[in-house]
Amino acid sequence: MKKEALTGTQGSSLIILYLTGNAAIMALGSAAKEDFWLAIIGAVFLAWIVTLQLSYISSVYPGKNLFEICESLFGKIIGKFFVILFTFYTLQTGGIVLRNGTQFININGLPNTPIMLLMVVIMFLTVYLVKNGVKVMGRWAELLVIIFSLAIIILIIMAMPKMNLENIRPFLYRGIKPVIVSTFYTFGFPFGEIVTFSLVFSTFEKGEKVSKIYRNGLIIGGAIMLATSLCSALVIGVENMNATYYPTYFAATKVSIKSFLQRNEVVIAGVIVIASFTKTAIYLLASCIGIAKLFNCKDYKFIVTPVGIIFMIWSFNLFKSVMELREWDLAVWKEFSLVFQVVLPTFIFISAFIKKKIRGVSI
């Protein structure tokens with residue numbers, strides 16, 4: 001199958017939407033309380049280290065995604081084992097993203113609509129986008145990232161009169177330990193998830209540097225989430241931000257310009273749902289590519305629909321409520337994500353480095 005090449009802008013735009021997807025409405029770095037912003041910056045730095053590893057691996061195996069690299073590096077049998085692991089990760093995490101997105105719509109917009117019906121609608125659109133290919137996804141992201149960024153900028157400007165700097169003081173009142181703990185949680189969600197990008201996007205137009213695409217997407221995506229988190233904290237306070245499931249949305253409800261411009265949360269909710277839908281599409285694409293690789297299929301597109309159905313049913317049965325999802329995040333997510341976002345990529349990086357040193361540049 002001929003691979004579709006993305007431009008650098010399209011690649012960075014996909015990373016931005018992928019990282020911000022359902023994270024822009026969450027309380028990132030909440031364990032650090034008033035120092036949450038330090039945890040976000042620290043998490044971006046950790047993710048940058050991971051992207052350096054991924055960029056190196058891509059430079060050693062140009063034109064190959066991480067699924068293909070695992071087979072080339074470790075052989076068919078061990079490589080298939082890595083494919084199974086990463087495919088399980090994309091199914092599990094993608095199911096959580098889908099559940100988060102539909103639950104957000106259900107709680108804040110359509111409380112009387114069954115979640116399964118919302119999932120069917122979103123999955124129908126997701127399957128359509130994935131079937132149209134990587135290039136279409138890139139063009140979609142290129143347009144949407146502009147709308148998404150403008151919506152966030154407008155929200156922040158409108159929220160300025162309601163901001164109170166005392167909400168993020170005092171500085172390091174609880175010490176450095178909560179910041180360190182929160183940094184690792186924030187790395188696991190959402191910044192460490194950037195690993196998934198390497199599973200699906202491997203071919204870029206001539207002259208585009210993978211490291212630059214990662215860096216631009218990570219910095220801009222990190223800046224957006226730092227801005228939304230700061231906006232939420234400054235408007236509604238850290239305690240309210242931590243006590244609310246969707247603080248960015250809640251902060252948007254508090255912002256208006258007299259009777260001229262109100263209900264801004266509707267616009268914010270709309271662009272966040274679309275970004276979350278894009279993130280779900282990337283996870284579905286990764287799952288399809290992994291399953292196709294596992295069964296030696298030449299093309300992934302013919303299995304998108306059945307995998308999409310499995311994806312949806314899996315997501316629906318993962319958790320019974322948003323509270324159960326939050327409990328799973330606190331109890332399991334850090335260790336679960338560590339394996340796929342740090343341990344496996346680092347092992348692959350070290351293996352590629354050693355193999356290149358032993359055999360030379362040509363592997």
# chains A, B, ... in the order shown; residues from 1 in each chain; ligands from 1

$ residues_around --residues "Thr7 (chain A)" --least-positions-apart "2" --cutoff "12 Å" --atoms "only C-alpha atoms" --output "PyMOL selection string"
chain A and resi 4-5+9-14+134-139+141-142+201-210+212-213

$ select_by_dssp --residues "region 148-259 of chain A" --states "alpha helix (DSSP H)" --output "ChimeraX atom specification"
/A:148-159,177-188,195-200,210-236,238-243,247-253

$ residues_around --residues "Gly29 (chain A)" --least-positions-apart "6" --cutoff "6 Å" --atoms "only C-alpha atoms" --output "list in words"
Phe36, Ala39, Ser182 and Thr186 of chain A

$ write_last_selection --atoms "C-alpha atoms" --output "PDB file, in the first residue's frame"
ATOM      1  CA  PHE A  36      -0.236  23.071  38.583  1.00  0.00           C
ATOM      2  CA  ALA A  39       3.623  20.404  36.548  1.00  0.00           C
ATOM      3  CA  SER A 182       1.707  15.871  39.396  1.00  0.00           C
ATOM      4  CA  THR A 186       0.321  15.118  33.593  1.00  0.00           C
TER       5      THR A 186
END

$ residues_around --residues "Ser58 (chain A)" --least-positions-apart "6" --cutoff "10 Å" --atoms "only C-alpha atoms" --output "PyMOL selection string"
chain A and resi 52+64-66+69+198+202-203+210-211+349+352

$ residues_around --residues "Trp333 (chain A)" --least-positions-apart "2" --cutoff "12 Å" --atoms "only C-alpha atoms" --output "PyMOL selection string"
chain A and resi 89+92-93+96+184-190+192-193+325-331+335-341

$ write_last_selection --atoms "C-alpha atoms" --output "compact mmCIF listing (two decimals), in the first residue's frame"
# COMPACT_ATOMS: atom_id res chain seq x y z
CA TYR A 89 -2.78 0.28 24.29
CA GLN A 92 -7.77 0.81 25.67
CA THR A 93 -6.74 4.47 25.59
CA ILE A 96 -11.24 6.07 27.21
CA PHE A 184 4.34 12.48 36.06
CA TYR A 185 0.55 12.26 36.10
CA THR A 186 0.32 15.12 33.59
CA PHE A 187 2.98 13.50 31.43
CA GLY A 188 0.94 10.28 31.32
CA PHE A 189 -2.12 12.29 30.29
CA PRO A 190 -1.94 13.84 27.82
CA GLY A 192 3.08 11.06 26.89
CA GLU A 193 0.32 9.95 24.53
CA LEU A 325 -13.39 6.63 35.04
CA ARG A 326 -11.77 9.18 37.38
CA GLU A 327 -11.05 6.45 39.97
CA TRP A 328 -9.40 4.28 37.30
CA ASP A 329 -7.26 7.25 36.22
CA LEU A 330 -6.04 7.82 39.76
CA ALA A 331 -5.47 4.14 40.61
CA GLU A 335 1.57 2.79 35.88
CA PHE A 336 -0.34 1.68 32.77
CA SER A 337 0.80 4.65 30.69
CA LEU A 338 4.39 4.41 31.96
CA VAL A 339 4.85 1.04 30.23
CA PHE A 340 3.73 2.24 26.78
CA GLN A 341 4.91 5.84 26.90

$ residues_around --residues "Asp299 (chain A)" --least-positions-apart "2" --cutoff "12 Å" --atoms "only C-alpha atoms" --output "PyMOL selection string"
chain A and resi 1-3+131+133+285+288-297+301-304

$ closest_residue --among "A:Thr126, A:Ser232, A:Thr90, A:Thr278" --to "Ile16 (chain A)" --atoms "only C-alpha atoms"
A:Thr278

$ residues_around --residues "region 164-174 of chain A" --least-positions-apart "3" --cutoff "7 Å" --atoms "only C-alpha atoms" --output "list in words"
Glu34, Asp35, Ala233, Leu234, Val235, Gly237 and Val238 of chain A

$ write_last_selection --atoms "C-alpha atoms" --output "CSV table (one decimal), in the first residue's frame"
chain,number,residue,atom,x,y,z
A,34,GLU,CA,-1.6,26.3,42.9
A,35,ASP,CA,1.6,25.1,41.3
A,233,ALA,CA,-7.7,28.6,37.7
A,234,LEU,CA,-7.6,32.4,37.5
A,235,VAL,CA,-11.4,32.6,36.9
A,237,GLY,CA,-10.0,29.2,41.5
A,238,VAL,CA,-7.8,26.1,42.0

$ closest_residue --among "A:Val343, A:Ile41, A:Ile15, A:Ala227" --to "Val145 (chain A)" --atoms "only C-alpha atoms"
A:Ile15

$ atom_distance --atom1 "CA of Met158 (chain A)" --atom2 "CA of Ser229 (chain A)"
15.1 Å

$ closest_residue --among "A:Ile268, A:Ala151, A:Val342, A:Leu6" --to "Ile105 (chain A)" --atoms "only C-alpha atoms"
A:Ile268
